[in-house]
Amino acid sequence: MNKLSALFGILLLGGGVYAAPLKVVTTTPDLADLARQVGGDRVKVDSLSRGSQDPHFVEAKPSLIVKVRDADLFVQTGLDLEIGWAPLLIQGARNARVQRGAQGFFDASAFIQPLEVPTVVSRAAGDVHPGGNPHFLADPHNALAVVKALGEKLAELDPAGAAVYKKNAGDYSARLSAKIAEWEKRMAPAKGARFVSYHKNLVYLADHFGLVSDGEIEPKPGIPPTPKHTADLIAVMKERRTPLILTNPHFARRTPDALARATGAAVVTVALTPDAVPEAVDYISAVEFNVAGILRALK
Amino acid sequence: MKQQERITWMAALAVVLAPAVAGAQSNPLGTAKMNPDVSAIVDMFYTNDDTKEGINHIKEEIAGFAETPGIVEEHEHAHGTEEGFNLRHLELQFSAAVDPYFKGSAIAAVDMEGAELETAEVETTSLPWGLTVKGGKFYSNFGYINSKHAHQWDFTDQTLVYELLLGEHGLNDKGLQVSWLAPTPFYMLLGAESFQGNNEKMFAYHGDGSLPRHEGPRVGTGWLKVSPNLPGAHALQVGLFATKGVHQEELDLDAGVDGADQFRDGTNAFHGADLIYKLNSPKAYGQSDFFLQGEYMKRKKNMEIVEDTGLIPAVVGTRQVDVQDGYYAQAGYGILPRWRAAARWEELGLTNKTDLPDGTSLVNGSSRKFSGMVDFTPTEFSRLRLQFNNGSYATEDGRTHASEIFMQWMVSIGAHGAHSF
């Protein structure tokens, strides 16, 4: 009798799978936070990479395949940011729901206007992305566009929650828009400030806040700094009195620090995604961390 | 026949290559628009060793692993390396989704002798229940290194245990593969393969003249891969595998008089285990990344002498049973941005026993090899490597030592896809 009721219990639990939250996996933690904000309690969100990792180079390890296997929705940045690993995970997962082109496959880059779309693509120029620069979430306006699209995608997959997703997306957009207005106001004096960045991943941030780039520490995207290029960059920074050196936690501090010593500019760590630094617990606090860091350095 | 196949391939390649090469020179976007994706990998190296007879000759004579003396028609081209400059091959890869249900890919290896079909496979993409079916000519997915192409190896040369038991290319044959991704909370992939059985070393088949015919498929494999959910940057995968199939040998024991004179028919089988651990460091450009990898396998060859037209007709009906094993273990570390150093240790013939047709047994010694390498990866599309080998080999003529040096240069152009774990 006890066994029977136990079996019945298992059947009931099994039947309850339909009411389980929608499983969302995202390639990066910033997309995970946006999906969480929109999905609320109706979704379970997991990021495949951590904020401390370089999103270009994530090992397509088997345990990540398991996460994609179980997913109802796969969210990626796109523009070839994850080309070295995301396709392998999708292929290995054998999950028809999230195959490229299926209903459960979401490419965030489809909803934004890419910058730096090259007219001629040659690998002689380094690791360039034919579709444009993929680090677009550094501009919070792009996050607004992605949030709206994510809300629509979740509603499509889970129509019963459509109203919730719409409300969540609206609430979050209002909150983010208010923050954007505040950041823009605080950053207004920084308009026109010159900077160099380690990798070419702050184009959208600079575009949004009107910062002006004087070049990158990498001689070409994906190529580590060389003494010659660093010397040239020091000359440029001295001539233009560049006050800012922006870098990310996964890059070594040696070259940025050397540039700072040579030019007097300040090194600012930029969190491109939540979890990149302890202060950045979600997307908004990551942008806040960056704005505060830049303003502090310019003071 | 073989010549004809080659000519057909060359013609096909010429047609496909013309636009691909033009595209690669000017603008990869042009090739990206093309269907299928095309890429080319050039793998060249310089090698030298300190032996008089050459390392290839030594490897052919390793006791217990030697091709039985005087084998006729074993394989058409000794793919072995030459001292000096080597162009291993130009690997041309084509891949595309066929339709919503299948994807296909083909790899042609072009070397100085002509073109050879390395793989040509079709795979399902939308079967339910975690199933995938693959067919065509492909690398068996047993173990870890077998399914990796030469340009993905961490050392220039193939491991001893693979090279001597299966040949430089491992187990690569026409066949069908079914694999199942189990719905477990951790990663578990189970696979079974059926191959025609027409290989370089193990699973050679003649099936004519004095040897009996066996209908294909003649080789079966089974394998399992398990990966626990390790946190963050750590990844571990362990595997088990077993393979069995028909094997035939034609021997020329009277040294050249009228070709083969002894014919053997039987089975060849091996089983083993593999392990890979990777640490993906948060530092940029591969610095501080670490890997540890190893495989062990043991084979049993059980051959019956079915005909002897030469010196010793009395042995017909008797058997020879060979049991040999070997392993390799290697580890590497990102010593600087874009620079790796790695070491490899190999042993062959820890078990090395031959039960001869006359009822006596022969126990042979073991061979060992150490390799060290440093490589530099300017971008994901090119790599330069310097490697040093030092081996002590138990050959049929006694123990021999050999040192080798390799300088390798690999480049990849075109729409080259990502590399699997």
# chains A, B, ... in the order shown; residues from 1 in each chain; ligands from 1
>>> residues_around(residues="stretch 195-203 of chain A", least_positions_apart="2", cutoff="7 Å", atoms="only C-alpha atoms", output="list in words")
His135, Ala138, Ala193, Leu205, Ala206, Asp207, Val212, Ser213, Asp214, Gly215, Glu216, Ile217, Glu218, Pro221, Thr242, Pro243, Leu244, Ile245, Leu246 and Thr247 of chain A
>>> write_last_selection(atoms="N, CA and C atoms", output="short mmCIF file (atom, residue, chain, number, x, y, z; two decimals), in the first residue's frame")
data_model
loop_
_atom_site.label_atom_id
_atom_site.label_comp_id
_atom_site.auth_asym_id
_atom_site.auth_seq_id
_atom_site.Cartn_x
_atom_site.Cartn_y
_atom_site.Cartn_z
N HIS A 135 30.25 43.56 -28.69
CA HIS A 135 30.15 43.94 -27.28
C HIS A 135 29.10 45.03 -27.08
N ALA A 138 27.36 46.86 -23.73
CA ALA A 138 28.02 47.93 -22.98
C ALA A 138 27.23 49.24 -23.11
N ALA A 193 35.77 62.98 -23.28
CA ALA A 193 36.97 62.48 -22.60
C ALA A 193 37.63 61.40 -23.45
N LEU A 205 29.91 51.60 -25.41
CA LEU A 205 29.91 52.43 -24.20
C LEU A 205 30.34 53.85 -24.57
N ALA A 206 31.45 53.93 -25.35
CA ALA A 206 31.98 55.23 -25.77
C ALA A 206 30.95 55.97 -26.63
N ASP A 207 30.30 55.22 -27.49
CA ASP A 207 29.29 55.81 -28.38
C ASP A 207 28.15 56.41 -27.56
N VAL A 212 35.87 59.42 -26.39
CA VAL A 212 36.61 59.37 -27.66
C VAL A 212 37.80 58.42 -27.51
N SER A 213 37.87 57.43 -28.39
CA SER A 213 38.92 56.42 -28.31
C SER A 213 40.22 56.90 -28.95
N ASP A 214 41.34 56.65 -28.24
CA ASP A 214 42.65 56.92 -28.80
C ASP A 214 43.37 55.62 -29.16
N GLY A 215 42.65 54.52 -29.18
CA GLY A 215 43.26 53.26 -29.61
C GLY A 215 43.15 52.17 -28.56
N GLU A 216 43.73 51.03 -28.89
CA GLU A 216 43.67 49.88 -28.00
C GLU A 216 45.08 49.45 -27.59
N ILE A 217 45.14 48.77 -26.45
CA ILE A 217 46.42 48.21 -25.99
C ILE A 217 46.79 47.01 -26.85
N GLU A 218 45.79 46.25 -27.30
CA GLU A 218 46.06 45.17 -28.26
C GLU A 218 46.38 45.81 -29.61
N PRO A 221 42.78 43.18 -32.71
CA PRO A 221 41.89 42.41 -31.82
C PRO A 221 42.38 40.97 -31.65
N THR A 242 45.65 61.79 -23.01
CA THR A 242 44.58 60.83 -22.75
C THR A 242 44.52 60.51 -21.25
N PRO A 243 43.40 60.75 -20.58
CA PRO A 243 43.37 60.55 -19.12
C PRO A 243 42.95 59.16 -18.67
N LEU A 244 42.39 58.33 -19.59
CA LEU A 244 41.76 57.08 -19.16
C LEU A 244 42.34 55.85 -19.85
N ILE A 245 42.61 54.82 -19.05
CA ILE A 245 42.98 53.52 -19.60
C ILE A 245 41.93 52.53 -19.10
N LEU A 246 41.11 52.02 -20.00
CA LEU A 246 40.02 51.11 -19.59
C LEU A 246 40.41 49.67 -19.90
N THR A 247 40.28 48.81 -18.89
CA THR A 247 40.64 47.40 -19.10
C THR A 247 39.58 46.51 -18.47
#
>>> interface_residues(of="chain B", to="chain A", cutoff="9 Å", atoms="only C-alpha atoms", output="ChimeraX atom specification")
/B:24-29,125-132,181,183-188,226-230,232-237,278-286,337-338,378-381,413,417-421
>>> write_last_selection(atoms="N, CA and C atoms", output="short mmCIF file (atom, residue, chain, number, x, y, z; two decimals), in the first residue's frame")
data_model
loop_
_atom_site.label_atom_id
_atom_site.label_comp_id
_atom_site.auth_asym_id
_atom_site.auth_seq_id
_atom_site.Cartn_x
_atom_site.Cartn_y
_atom_site.Cartn_z
N ALA B 24 39.17 33.21 -50.15
CA ALA B 24 40.04 33.30 -49.00
C ALA B 24 41.05 34.44 -49.17
N GLN B 25 41.45 34.68 -50.41
CA GLN B 25 42.45 35.72 -50.64
C GLN B 25 41.87 37.11 -50.40
N SER B 26 40.65 37.33 -50.86
CA SER B 26 40.15 38.68 -50.79
C SER B 26 39.27 38.89 -49.56
N ASN B 27 38.24 38.09 -49.40
CA ASN B 27 37.23 38.44 -48.43
C ASN B 27 36.48 37.21 -47.94
N PRO B 28 36.78 36.77 -46.72
CA PRO B 28 36.10 35.59 -46.19
C PRO B 28 34.57 35.71 -46.17
N LEU B 29 34.07 36.95 -46.17
CA LEU B 29 32.61 37.10 -46.22
C LEU B 29 32.06 36.41 -47.45
N THR B 125 20.37 15.67 -37.19
CA THR B 125 20.41 16.80 -36.26
C THR B 125 19.13 16.92 -35.44
N SER B 126 18.12 16.13 -35.75
CA SER B 126 16.85 16.38 -35.07
C SER B 126 16.14 15.12 -34.61
N LEU B 127 16.90 14.06 -34.31
CA LEU B 127 16.25 12.87 -33.76
C LEU B 127 15.86 13.13 -32.31
N PRO B 128 14.77 12.53 -31.84
CA PRO B 128 14.38 12.72 -30.44
C PRO B 128 15.22 11.87 -29.49
N TRP B 129 14.94 11.98 -28.20
CA TRP B 129 15.51 11.16 -27.12
C TRP B 129 17.04 11.19 -27.07
N GLY B 130 17.65 12.26 -27.51
CA GLY B 130 19.09 12.38 -27.41
C GLY B 130 19.87 11.48 -28.34
N LEU B 131 19.24 11.03 -29.41
CA LEU B 131 19.90 10.12 -30.34
C LEU B 131 20.50 10.87 -31.52
N THR B 132 21.63 10.38 -32.01
CA THR B 132 22.20 10.88 -33.25
C THR B 132 22.71 9.69 -34.04
N LEU B 181 22.77 10.48 -25.95
CA LEU B 181 23.08 11.37 -24.83
C LEU B 181 22.05 11.06 -23.75
N PRO B 183 19.70 10.98 -20.45
CA PRO B 183 19.06 12.08 -19.73
C PRO B 183 19.48 12.13 -18.26
N THR B 184 20.75 11.93 -18.00
CA THR B 184 21.27 11.93 -16.63
C THR B 184 21.60 13.36 -16.20
N PRO B 185 21.68 13.62 -14.88
CA PRO B 185 22.02 14.99 -14.44
C PRO B 185 23.46 15.37 -14.77
N PHE B 186 24.30 14.40 -15.13
CA PHE B 186 25.67 14.70 -15.57
C PHE B 186 25.77 14.22 -17.02
N TYR B 187 26.89 14.52 -17.67
CA TYR B 187 27.04 14.17 -19.07
C TYR B 187 27.40 12.70 -19.23
N MET B 188 26.60 11.97 -20.00
CA MET B 188 26.92 10.59 -20.31
C MET B 188 26.52 10.30 -21.75
N VAL B 226 31.80 9.83 -19.82
CA VAL B 226 31.10 10.41 -18.68
C VAL B 226 31.85 11.65 -18.22
N SER B 227 31.11 12.71 -17.93
CA SER B 227 31.74 13.93 -17.44
C SER B 227 30.95 14.47 -16.26
N PRO B 228 31.57 14.55 -15.09
CA PRO B 228 30.86 15.09 -13.93
C PRO B 228 30.73 16.62 -14.06
N ASN B 229 29.79 17.18 -13.32
CA ASN B 229 29.59 18.63 -13.35
C ASN B 229 30.57 19.32 -12.42
N LEU B 230 31.77 19.58 -12.91
CA LEU B 230 32.75 20.27 -12.09
C LEU B 230 32.50 21.76 -12.17
N GLY B 232 32.89 25.80 -12.55
CA GLY B 232 33.64 26.83 -13.25
C GLY B 232 34.61 26.35 -14.31
N ALA B 233 35.89 26.60 -14.04
CA ALA B 233 36.91 26.44 -15.07
C ALA B 233 37.36 24.99 -15.24
N HIS B 234 36.90 24.08 -14.37
CA HIS B 234 37.38 22.70 -14.42
C HIS B 234 36.50 21.84 -15.32
N ALA B 235 37.12 20.93 -16.07
CA ALA B 235 36.37 19.98 -16.88
C ALA B 235 37.08 18.64 -16.86
N LEU B 236 36.30 17.59 -16.67
CA LEU B 236 36.86 16.24 -16.62
C LEU B 236 35.98 15.31 -17.44
N GLN B 237 36.61 14.43 -18.20
CA GLN B 237 35.83 13.42 -18.91
C GLN B 237 36.59 12.10 -18.85
N LYS B 278 40.76 19.38 -18.07
CA LYS B 278 41.19 20.69 -18.58
C LYS B 278 40.86 21.77 -17.56
N LEU B 279 41.78 22.70 -17.41
CA LEU B 279 41.54 23.88 -16.59
C LEU B 279 41.62 25.09 -17.51
N ASN B 280 40.51 25.81 -17.61
CA ASN B 280 40.44 26.99 -18.47
C ASN B 280 40.66 28.21 -17.58
N SER B 281 41.90 28.69 -17.54
CA SER B 281 42.22 29.79 -16.63
C SER B 281 41.53 31.08 -17.06
N PRO B 282 41.21 31.95 -16.10
CA PRO B 282 40.57 33.21 -16.48
C PRO B 282 41.52 34.17 -17.19
N LYS B 283 42.82 33.87 -17.21
CA LYS B 283 43.76 34.78 -17.87
C LYS B 283 43.58 34.73 -19.39
N ALA B 284 43.87 35.87 -20.03
CA ALA B 284 43.66 35.97 -21.48
C ALA B 284 44.74 35.22 -22.26
N TYR B 285 44.44 34.95 -23.50
CA TYR B 285 45.34 34.35 -24.49
C TYR B 285 45.90 32.99 -24.05
N GLY B 286 45.10 32.21 -23.33
CA GLY B 286 45.50 30.84 -22.99
C GLY B 286 46.54 30.72 -21.89
N PRO B 337 51.23 34.21 -22.39
CA PRO B 337 50.14 34.41 -23.34
C PRO B 337 50.51 33.81 -24.71
N ARG B 338 49.68 32.93 -25.23
CA ARG B 338 49.84 32.28 -26.53
C ARG B 338 50.92 31.20 -26.58
N PRO B 378 49.98 32.22 -32.59
CA PRO B 378 49.78 33.66 -32.82
C PRO B 378 48.31 34.04 -32.81
N THR B 379 47.46 33.27 -33.48
CA THR B 379 46.01 33.45 -33.45
C THR B 379 45.40 32.05 -33.49
N GLU B 380 44.07 31.96 -33.44
CA GLU B 380 43.44 30.63 -33.52
C GLU B 380 43.71 29.98 -34.88
N PHE B 381 44.28 30.73 -35.81
CA PHE B 381 44.39 30.21 -37.17
C PHE B 381 45.81 29.79 -37.53
N ILE B 413 42.95 28.43 -43.09
CA ILE B 413 42.30 29.57 -43.75
C ILE B 413 40.85 29.20 -44.08
N GLY B 417 35.66 25.74 -38.45
CA GLY B 417 34.75 25.67 -37.32
C GLY B 417 35.46 25.53 -35.99
N ALA B 418 34.66 25.54 -34.92
CA ALA B 418 35.20 25.43 -33.57
C ALA B 418 35.67 24.00 -33.31
N HIS B 419 36.57 23.87 -32.36
CA HIS B 419 37.08 22.55 -32.00
C HIS B 419 36.37 22.00 -30.77
N SER B 420 35.99 20.73 -30.86
CA SER B 420 35.24 20.14 -29.77
C SER B 420 36.12 19.90 -28.56
N PHE B 421 35.49 19.64 -27.43
CA PHE B 421 36.21 19.40 -26.17
C PHE B 421 37.16 18.23 -26.34
#
>>> select_by_dssp(residues="stretch 25-216 of chain B", states="strand (DSSP E)", output="ChimeraX atom specification")
/B:37-49,84-97,102-111,114-124,131-139,172-181,187-195
>>> closest_residue(among="A:Asp282, A:Pro227, A:Ala235, A:Thr77", to="A:Thr255", atoms="only C-alpha atoms")
A:Pro227
>>> residues_around(residues="B:Val98", least_positions_apart="6", cutoff="10 Å", atoms="only C-alpha atoms", output="number ranges by chain")
B: 35-36, 104-105, 122-125
>>> atom_distance(atom1="atom CA of A:Pro55", atom2="atom CA of A:Thr27")
8.1 Å
>>> residues_around(residues="B:Thr354", least_positions_apart="4", cutoff="9 Å", atoms="only C-alpha atoms", output="list of chain:residue names")
B:Gly64, B:Gln320, B:Val321, B:Asp322, B:Val323, B:Gln324, B:Thr360, B:Ser361, B:Leu362, B:Val363, B:Asn364
>>> closest_residue(among="B:Glu61, B:Asp375, B:Asp261, B:Asp37", to="B:Ala415", atoms="only C-alpha atoms")
B:Asp37
>>> residues_around(residues="A:Ile180", least_positions_apart="6", cutoff="12 Å", atoms="only C-alpha atoms", output="list in words")
Asp139, Pro140, His141, Asn142, Ala143, Leu144, Ser173, Ala174, Arg186, Met187, Ala188, Leu205, His208, Phe209, Ile284, Ser285, Val287, Glu288 and Val291 of chain A
>>> select_by_dssp(residues="stretch 135-215 of chain B", states="helix (DSSP H, G or I)", output="VMD selection string")
chain B and resid 150 to 152 160 to 165
>>> residues_around(residues="B:Tyr327", least_positions_apart="2", cutoff="6 Å", atoms="only C-alpha atoms", output="NGL selection string")
:B and (295-296 or 346-347)
>>> atom_distance(atom1="atom CA of B:Asp49", atom2="atom CA of B:Ile62")
17.0 Å
>>> atom_distance(atom1="atom CA of B:Asp252", atom2="atom CA of B:Phe270")
25.9 Å
>>> decode(residues="stretch 285-328 of chain B", atoms="C-alpha atoms", output="PDB file, in the first residue's frame")
ATOM      1  CA  TYR B 285      45.345  34.346 -24.494  1.00  0.00           C
ATOM      2  CA  GLY B 286      45.502  30.844 -22.991  1.00  0.00           C
ATOM      3  CA  GLN B 287      47.926  31.771 -20.216  1.00  0.00           C
ATOM      4  CA  SER B 288      47.848  29.315 -17.262  1.00  0.00           C
ATOM      5  CA  ASP B 289      45.451  26.952 -19.052  1.00  0.00           C
ATOM      6  CA  PHE B 290      46.251  23.365 -18.113  1.00  0.00           C
ATOM      7  CA  PHE B 291      45.407  19.917 -19.477  1.00  0.00           C
ATOM      8  CA  LEU B 292      46.093  16.345 -18.435  1.00  0.00           C
ATOM      9  CA  GLN B 293      45.226  13.511 -20.773  1.00  0.00           C
ATOM     10  CA  GLY B 294      45.845   9.780 -20.980  1.00  0.00           C
ATOM     11  CA  GLU B 295      44.654   6.611 -22.672  1.00  0.00           C
ATOM     12  CA  TYR B 296      45.314   2.938 -22.133  1.00  0.00           C
ATOM     13  CA  MET B 297      44.451   0.097 -24.484  1.00  0.00           C
ATOM     14  CA  LYS B 298      45.049  -3.617 -24.699  1.00  0.00           C
ATOM     15  CA  ARG B 299      44.600  -5.737 -27.783  1.00  0.00           C
ATOM     16  CA  LYS B 300      44.175  -9.433 -28.408  1.00  0.00           C
ATOM     17  CA  LYS B 301      44.819 -10.861 -31.857  1.00  0.00           C
ATOM     18  CA  ASN B 302      43.720 -14.462 -32.381  1.00  0.00           C
ATOM     19  CA  MET B 303      44.719 -15.833 -35.791  1.00  0.00           C
ATOM     20  CA  GLU B 304      44.249 -19.248 -37.371  1.00  0.00           C
ATOM     21  CA  ILE B 305      46.619 -20.370 -40.099  1.00  0.00           C
ATOM     22  CA  VAL B 306      44.262 -21.441 -42.873  1.00  0.00           C
ATOM     23  CA  GLU B 307      46.750 -22.173 -45.632  1.00  0.00           C
ATOM     24  CA  ASP B 308      50.494 -22.459 -46.090  1.00  0.00           C
ATOM     25  CA  THR B 309      51.892 -23.029 -49.547  1.00  0.00           C
ATOM     26  CA  GLY B 310      55.498 -22.455 -48.543  1.00  0.00           C
ATOM     27  CA  LEU B 311      57.904 -23.828 -46.021  1.00  0.00           C
ATOM     28  CA  ILE B 312      55.719 -25.187 -43.210  1.00  0.00           C
ATOM     29  CA  PRO B 313      52.408 -26.645 -44.465  1.00  0.00           C
ATOM     30  CA  ALA B 314      52.097 -28.620 -41.213  1.00  0.00           C
ATOM     31  CA  VAL B 315      51.038 -25.482 -39.284  1.00  0.00           C
ATOM     32  CA  VAL B 316      47.683 -25.240 -41.073  1.00  0.00           C
ATOM     33  CA  GLY B 317      44.898 -25.337 -38.484  1.00  0.00           C
ATOM     34  CA  THR B 318      47.066 -24.046 -35.632  1.00  0.00           C
ATOM     35  CA  ARG B 319      46.705 -20.590 -34.062  1.00  0.00           C
ATOM     36  CA  GLN B 320      48.799 -17.643 -32.986  1.00  0.00           C
ATOM     37  CA  VAL B 321      47.479 -15.438 -30.166  1.00  0.00           C
ATOM     38  CA  ASP B 322      49.001 -12.001 -29.492  1.00  0.00           C
ATOM     39  CA  VAL B 323      48.245  -9.909 -26.395  1.00  0.00           C
ATOM     40  CA  GLN B 324      49.812  -6.437 -26.242  1.00  0.00           C
ATOM     41  CA  ASP B 325      49.022  -3.151 -24.513  1.00  0.00           C
ATOM     42  CA  GLY B 326      50.209   0.413 -24.172  1.00  0.00           C
ATOM     43  CA  TYR B 327      49.363   3.838 -22.820  1.00  0.00           C
ATOM     44  CA  TYR B 328      50.276   7.487 -23.081  1.00  0.00           C
TER      45      TYR B 328
END
